[in-house]
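K.L.:
Dropping the structure in here first, questions after.
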Amino acid sequence: MASTTTAINAPKKAPYPFWLGGVAATIAASITHPLDLTKVRLQASGDKGMVESLKKTVRTAGVRGLFDGISGTWMRQMSYSVCRFWAYDESKKLLGAGASAPPWKLALAGCMAGGIAGIVGNPGEIIMVRLQGDMAKPVDKRLNYKHCFDGLFRMVREEGTSSLARGVGPNVVRAILMNASQLASYDFFKRELLKTRYFDDNMACHVAASFGAGTVATTVCSPADVLKSRIMNASGSGSRSTLELIKISLRNEGPMFMFKGWVPAWMRLQPTTVLIFVTFEQLKNLVDWSRELRNKNV
């Protein structure tokens, strides 16, 4: 993300490691995992509210239960997030979206990155959702995956290789919306903040830009996120299609079901977005420092 790593009109730097964004996202997701767990359980189960869902988790599984499915989160981030940050950089190069690129070019680059990452990260997304939602189900309906790899192997063995593509449609749509809104808006907000006399390219600017990006992304992605969680949490050959699920949900809950879990989603995505970009910027500073140190020792 060249425009998120350098100040306006700054000299061009050497490319950063392609996996840096994935590492930053993994760190952020690990910290905010309990909120993501609660969001998924609100979307896929009958829990009535965020606080009630948190209490239920602690009551039934203890404090450690707040980190149910953490291995699935790691698998998802190290596939999906590594891919999306890499693809976003490459898409911006392809589109010629430099430091002064218009918002639509940034959004288009985000869409391209999201489409690729949504497909690549789909298996990890399914495992993450299933691991997080399992303990909220009745005992006789639980999948009881031991960890992410056990879940992946069992899915292929019990449901076939095609199960790895379950929910890929809404997942790709959500990934496109997420990256077009989160990555592109962070670039845009940071650039606009740096144009003012109130911000320099430092942590204050990174926090402010990522705060705006998190709010935009939560609102844009909520409908696809709800559908993705409900479809992926289903298992077996009799699972409903996306259209059937939408019809049933609309009939039973009304159109606002698409924003169910928005508050915990925002509370999860907001700090996650801030943590991702602040950590990302600090990791890049660390890379810059190591390069400078290496050049001095040459």
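By order of appearance in the structure tokens: chains A, B, ..., then residues from 1 within every chain, and ligands from 1 in the order shown.
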As a list of chain:residue names, please: the residues near Ala101 (chain A) (cut-off 12 Å, only C-alpha atoms, same-chain neighbours under 2 positions excluded).
P.N.:
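Listed by chain and then number, they are A:Ala2, A:Ser3, A:Ile8, A:Lys92, A:Lys93, A:Leu95, A:Gly96, A:Ala97, A:Gly98, A:Ala99, A:Pro103, A:Trp104, A:Lys105, A:Leu106, A:Ala107, A:Leu108, A:Ala109, A:Ala184, A:Asp187, A:Phe188, A:Arg191, A:Glu192.
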K.L.:
Please report, as a tab-separated table, each residue of region 13-40 of chain A lying at most 12 Å from region 263-274 of chain A, together with the nearest pair of atoms and the separation in Å rounded to one decimal; use only C-alpha atoms, and order rows by chain and ascending residue number.
P.N.:
residue	atom	partner	partner_atom	distance
A:Gly21	CA	A:Thr273	CA	11.7
A:Ala24	CA	A:Thr272	CA	9.9
A:Ala25	CA	A:Thr272	CA	7.8
A:Thr26	CA	A:Thr272	CA	9.8
A:Ile27	CA	A:Thr272	CA	9.2
A:Ala28	CA	A:Thr272	CA	5.4
A:Ala29	CA	A:Thr272	CA	6.3
A:Ser30	CA	A:Thr272	CA	9.2
A:Ile31	CA	A:Thr272	CA	8.1
A:Thr32	CA	A:Arg268	CA	6.2
A:His33	CA	A:Arg268	CA	8.0
A:Pro34	CA	A:Arg268	CA	8.5
A:Leu35	CA	A:Arg268	CA	5.2
A:Asp36	CA	A:Arg268	CA	5.8
A:Leu37	CA	A:Arg268	CA	9.3
A:Thr38	CA	A:Pro264	CA	7.2
A:Lys39	CA	A:Pro264	CA	5.5
A:Val40	CA	A:Ala265	CA	8.7
K.L.:
Between A:Ser210, A:Ser100, A:Asn297, A:Ser185, which is the closest to Val278 (chain A) once you count only C-alpha atoms?
P.N.:
A:Ser210
K.L.:
Could you pull the residues within 10 Å of region 142-145 of chain A, counting only C-alpha atoms, minus those fewer than 3 positions along the same chain, as a PyMOL selection string?
P.N.:
chain A and resi 69+127+130-131+133-139+148-155+235
K.L.:
For CA of Thr219 (chain A) and CA of Met178 (chain A), quote the distance in Å rounded to one decimal.
P.N.:
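Distance reported for this atom pair: 9.7 Å.
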K.L.:
Mind checking which residues fall within 10 Å of region 169-173 of chain A, counting only C-alpha atoms, ignoring those fewer than 3 positions away in the same chain, and posting them as a PDB file with N, CA, C and O atoms, in the first residue's frame?
P.N.:
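Output file out-v9.pdb is given in full below:
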ATOM      1  N   CYS A 111     -11.722  -3.553  -4.826  1.00  0.00           N
ATOM      2  CA  CYS A 111     -12.648  -4.563  -5.362  1.00  0.00           C
ATOM      3  C   CYS A 111     -11.880  -5.725  -5.976  1.00  0.00           C
ATOM      4  O   CYS A 111     -12.227  -6.895  -5.765  1.00  0.00           O
ATOM      5  N   GLY A 114     -10.298  -7.738  -3.231  1.00  0.00           N
ATOM      6  CA  GLY A 114     -11.305  -8.488  -2.495  1.00  0.00           C
ATOM      7  C   GLY A 114     -11.802  -9.706  -3.241  1.00  0.00           C
ATOM      8  O   GLY A 114     -12.035 -10.761  -2.643  1.00  0.00           O
ATOM      9  N   GLY A 115     -11.966  -9.573  -4.556  1.00  0.00           N
ATOM     10  CA  GLY A 115     -12.422 -10.706  -5.354  1.00  0.00           C
ATOM     11  C   GLY A 115     -11.440 -11.868  -5.302  1.00  0.00           C
ATOM     12  O   GLY A 115     -11.841 -13.030  -5.150  1.00  0.00           O
ATOM     13  N   ILE A 116     -10.150 -11.553  -5.404  1.00  0.00           N
ATOM     14  CA  ILE A 116      -9.125 -12.596  -5.359  1.00  0.00           C
ATOM     15  C   ILE A 116      -9.025 -13.196  -3.956  1.00  0.00           C
ATOM     16  O   ILE A 116      -9.034 -14.422  -3.781  1.00  0.00           O
ATOM     17  N   ALA A 117      -8.929 -12.327  -2.941  1.00  0.00           N
ATOM     18  CA  ALA A 117      -8.753 -12.803  -1.566  1.00  0.00           C
ATOM     19  C   ALA A 117      -9.980 -13.556  -1.056  1.00  0.00           C
ATOM     20  O   ALA A 117      -9.855 -14.492  -0.269  1.00  0.00           O
ATOM     21  N   GLY A 118     -11.171 -13.165  -1.510  1.00  0.00           N
ATOM     22  CA  GLY A 118     -12.380 -13.844  -1.078  1.00  0.00           C
ATOM     23  C   GLY A 118     -12.401 -15.300  -1.503  1.00  0.00           C
ATOM     24  O   GLY A 118     -12.874 -16.170  -0.756  1.00  0.00           O
ATOM     25  N   ILE A 119     -11.890 -15.575  -2.697  1.00  0.00           N
ATOM     26  CA  ILE A 119     -11.823 -16.956  -3.188  1.00  0.00           C
ATOM     27  C   ILE A 119     -10.718 -17.731  -2.464  1.00  0.00           C
ATOM     28  O   ILE A 119     -10.936 -18.837  -1.967  1.00  0.00           O
ATOM     29  N   VAL A 120      -9.535 -17.141  -2.386  1.00  0.00           N
ATOM     30  CA  VAL A 120      -8.401 -17.813  -1.749  1.00  0.00           C
ATOM     31  C   VAL A 120      -8.679 -18.104  -0.277  1.00  0.00           C
ATOM     32  O   VAL A 120      -8.342 -19.174   0.244  1.00  0.00           O
ATOM     33  N   GLY A 121      -9.308 -17.152   0.409  1.00  0.00           N
ATOM     34  CA  GLY A 121      -9.519 -17.291   1.847  1.00  0.00           C
ATOM     35  C   GLY A 121     -10.803 -17.980   2.247  1.00  0.00           C
ATOM     36  O   GLY A 121     -11.085 -18.112   3.448  1.00  0.00           O
ATOM     37  N   ASN A 122     -11.601 -18.455   1.281  1.00  0.00           N
ATOM     38  CA  ASN A 122     -12.907 -19.036   1.611  1.00  0.00           C
ATOM     39  C   ASN A 122     -12.840 -20.245   2.544  1.00  0.00           C
ATOM     40  O   ASN A 122     -13.594 -20.321   3.521  1.00  0.00           O
ATOM     41  N   GLU A 125     -12.218 -19.067   5.972  1.00  0.00           N
ATOM     42  CA  GLU A 125     -13.390 -18.339   6.455  1.00  0.00           C
ATOM     43  C   GLU A 125     -14.438 -19.309   7.003  1.00  0.00           C
ATOM     44  O   GLU A 125     -15.029 -19.089   8.060  1.00  0.00           O
ATOM     45  N   ILE A 126     -14.674 -20.406   6.283  1.00  0.00           N
ATOM     46  CA  ILE A 126     -15.648 -21.401   6.726  1.00  0.00           C
ATOM     47  C   ILE A 126     -15.220 -22.012   8.049  1.00  0.00           C
ATOM     48  O   ILE A 126     -16.022 -22.124   8.995  1.00  0.00           O
ATOM     49  N   ALA A 165     -15.984 -24.582  -0.993  1.00  0.00           N
ATOM     50  CA  ALA A 165     -16.516 -23.421  -1.707  1.00  0.00           C
ATOM     51  C   ALA A 165     -17.874 -22.996  -1.174  1.00  0.00           C
ATOM     52  O   ALA A 165     -18.520 -22.128  -1.761  1.00  0.00           O
ATOM     53  N   ARG A 166     -18.306 -23.589  -0.060  1.00  0.00           N
ATOM     54  CA  ARG A 166     -19.599 -23.213   0.504  1.00  0.00           C
ATOM     55  C   ARG A 166     -19.622 -21.726   0.849  1.00  0.00           C
ATOM     56  O   ARG A 166     -18.737 -21.220   1.516  1.00  0.00           O
ATOM     57  N   ILE A 176     -15.130  -8.101  -1.447  1.00  0.00           N
ATOM     58  CA  ILE A 176     -15.046  -6.965  -2.366  1.00  0.00           C
ATOM     59  C   ILE A 176     -15.489  -5.687  -1.658  1.00  0.00           C
ATOM     60  O   ILE A 176     -14.813  -4.650  -1.733  1.00  0.00           O
ATOM     61  N   LEU A 177     -16.618  -5.769  -0.945  1.00  0.00           N
ATOM     62  CA  LEU A 177     -17.116  -4.603  -0.229  1.00  0.00           C
ATOM     63  C   LEU A 177     -16.151  -4.169   0.873  1.00  0.00           C
ATOM     64  O   LEU A 177     -15.892  -2.978   1.062  1.00  0.00           O
ATOM     65  N   MET A 178     -15.600  -5.157   1.589  1.00  0.00           N
ATOM     66  CA  MET A 178     -14.685  -4.856   2.692  1.00  0.00           C
ATOM     67  C   MET A 178     -13.436  -4.142   2.191  1.00  0.00           C
ATOM     68  O   MET A 178     -13.022  -3.111   2.739  1.00  0.00           O
ATOM     69  N   CYS A 221     -20.445  -3.487   4.744  1.00  0.00           N
ATOM     70  CA  CYS A 221     -20.307  -4.945   4.701  1.00  0.00           C
ATOM     71  C   CYS A 221     -21.360  -5.718   5.498  1.00  0.00           C
ATOM     72  O   CYS A 221     -21.439  -6.941   5.375  1.00  0.00           O
ATOM     73  N   PRO A 223     -24.709  -6.395   5.478  1.00  0.00           N
ATOM     74  CA  PRO A 223     -25.623  -7.369   4.864  1.00  0.00           C
ATOM     75  C   PRO A 223     -24.929  -8.640   4.373  1.00  0.00           C
ATOM     76  O   PRO A 223     -25.382  -9.761   4.650  1.00  0.00           O
ATOM     77  N   ALA A 224     -23.820  -8.494   3.650  1.00  0.00           N
ATOM     78  CA  ALA A 224     -23.100  -9.659   3.144  1.00  0.00           C
ATOM     79  C   ALA A 224     -22.491 -10.471   4.275  1.00  0.00           C
ATOM     80  O   ALA A 224     -22.399 -11.699   4.201  1.00  0.00           O
ATOM     81  N   ASP A 225     -22.082  -9.791   5.357  1.00  0.00           N
ATOM     82  CA  ASP A 225     -21.477 -10.469   6.498  1.00  0.00           C
ATOM     83  C   ASP A 225     -22.489 -11.373   7.195  1.00  0.00           C
ATOM     84  O   ASP A 225     -22.180 -12.499   7.585  1.00  0.00           O
ATOM     85  N   VAL A 226     -23.703 -10.876   7.362  1.00  0.00           N
ATOM     86  CA  VAL A 226     -24.756 -11.668   8.014  1.00  0.00           C
ATOM     87  C   VAL A 226     -25.066 -12.905   7.171  1.00  0.00           C
ATOM     88  O   VAL A 226     -25.146 -14.026   7.688  1.00  0.00           O
ATOM     89  N   LEU A 227     -25.256 -12.728   5.872  1.00  0.00           N
ATOM     90  CA  LEU A 227     -25.563 -13.858   4.985  1.00  0.00           C
ATOM     91  C   LEU A 227     -24.425 -14.872   4.975  1.00  0.00           C
ATOM     92  O   LEU A 227     -24.651 -16.088   5.023  1.00  0.00           O
ATOM     93  N   LYS A 228     -23.183 -14.378   4.918  1.00  0.00           N
ATOM     94  CA  LYS A 228     -22.023 -15.267   4.910  1.00  0.00           C
ATOM     95  C   LYS A 228     -21.988 -16.130   6.160  1.00  0.00           C
ATOM     96  O   LYS A 228     -21.798 -17.351   6.092  1.00  0.00           O
ATOM     97  N   SER A 229     -22.206 -15.529   7.326  1.00  0.00           N
ATOM     98  CA  SER A 229     -22.155 -16.274   8.579  1.00  0.00           C
ATOM     99  C   SER A 229     -23.241 -17.334   8.646  1.00  0.00           C
ATOM    100  O   SER A 229     -23.014 -18.460   9.074  1.00  0.00           O
ATOM    101  N   ILE A 231     -24.874 -18.819   6.103  1.00  0.00           N
ATOM    102  CA  ILE A 231     -24.674 -19.878   5.112  1.00  0.00           C
ATOM    103  C   ILE A 231     -23.520 -20.785   5.521  1.00  0.00           C
ATOM    104  O   ILE A 231     -23.625 -22.014   5.484  1.00  0.00           O
ATOM    105  N   MET A 232     -22.405 -20.199   5.934  1.00  0.00           N
ATOM    106  CA  MET A 232     -21.231 -21.003   6.277  1.00  0.00           C
ATOM    107  C   MET A 232     -21.438 -21.813   7.554  1.00  0.00           C
ATOM    108  O   MET A 232     -20.832 -22.864   7.733  1.00  0.00           O
ATOM    109  N   THR A 242     -28.644 -19.409  -0.984  1.00  0.00           N
ATOM    110  CA  THR A 242     -28.588 -18.016  -0.533  1.00  0.00           C
ATOM    111  C   THR A 242     -29.940 -17.333  -0.693  1.00  0.00           C
ATOM    112  O   THR A 242     -30.412 -16.649   0.227  1.00  0.00           O
TER     113      THR A 242
END
K.L.:
Give the answer as one residue: which of A:Ile276, A:Ile248, A:Val156, A:Val63 has the shortest atom-to-atom distance to His206 (chain A), using only C-alpha atoms?
P.N.:
A:Ile276
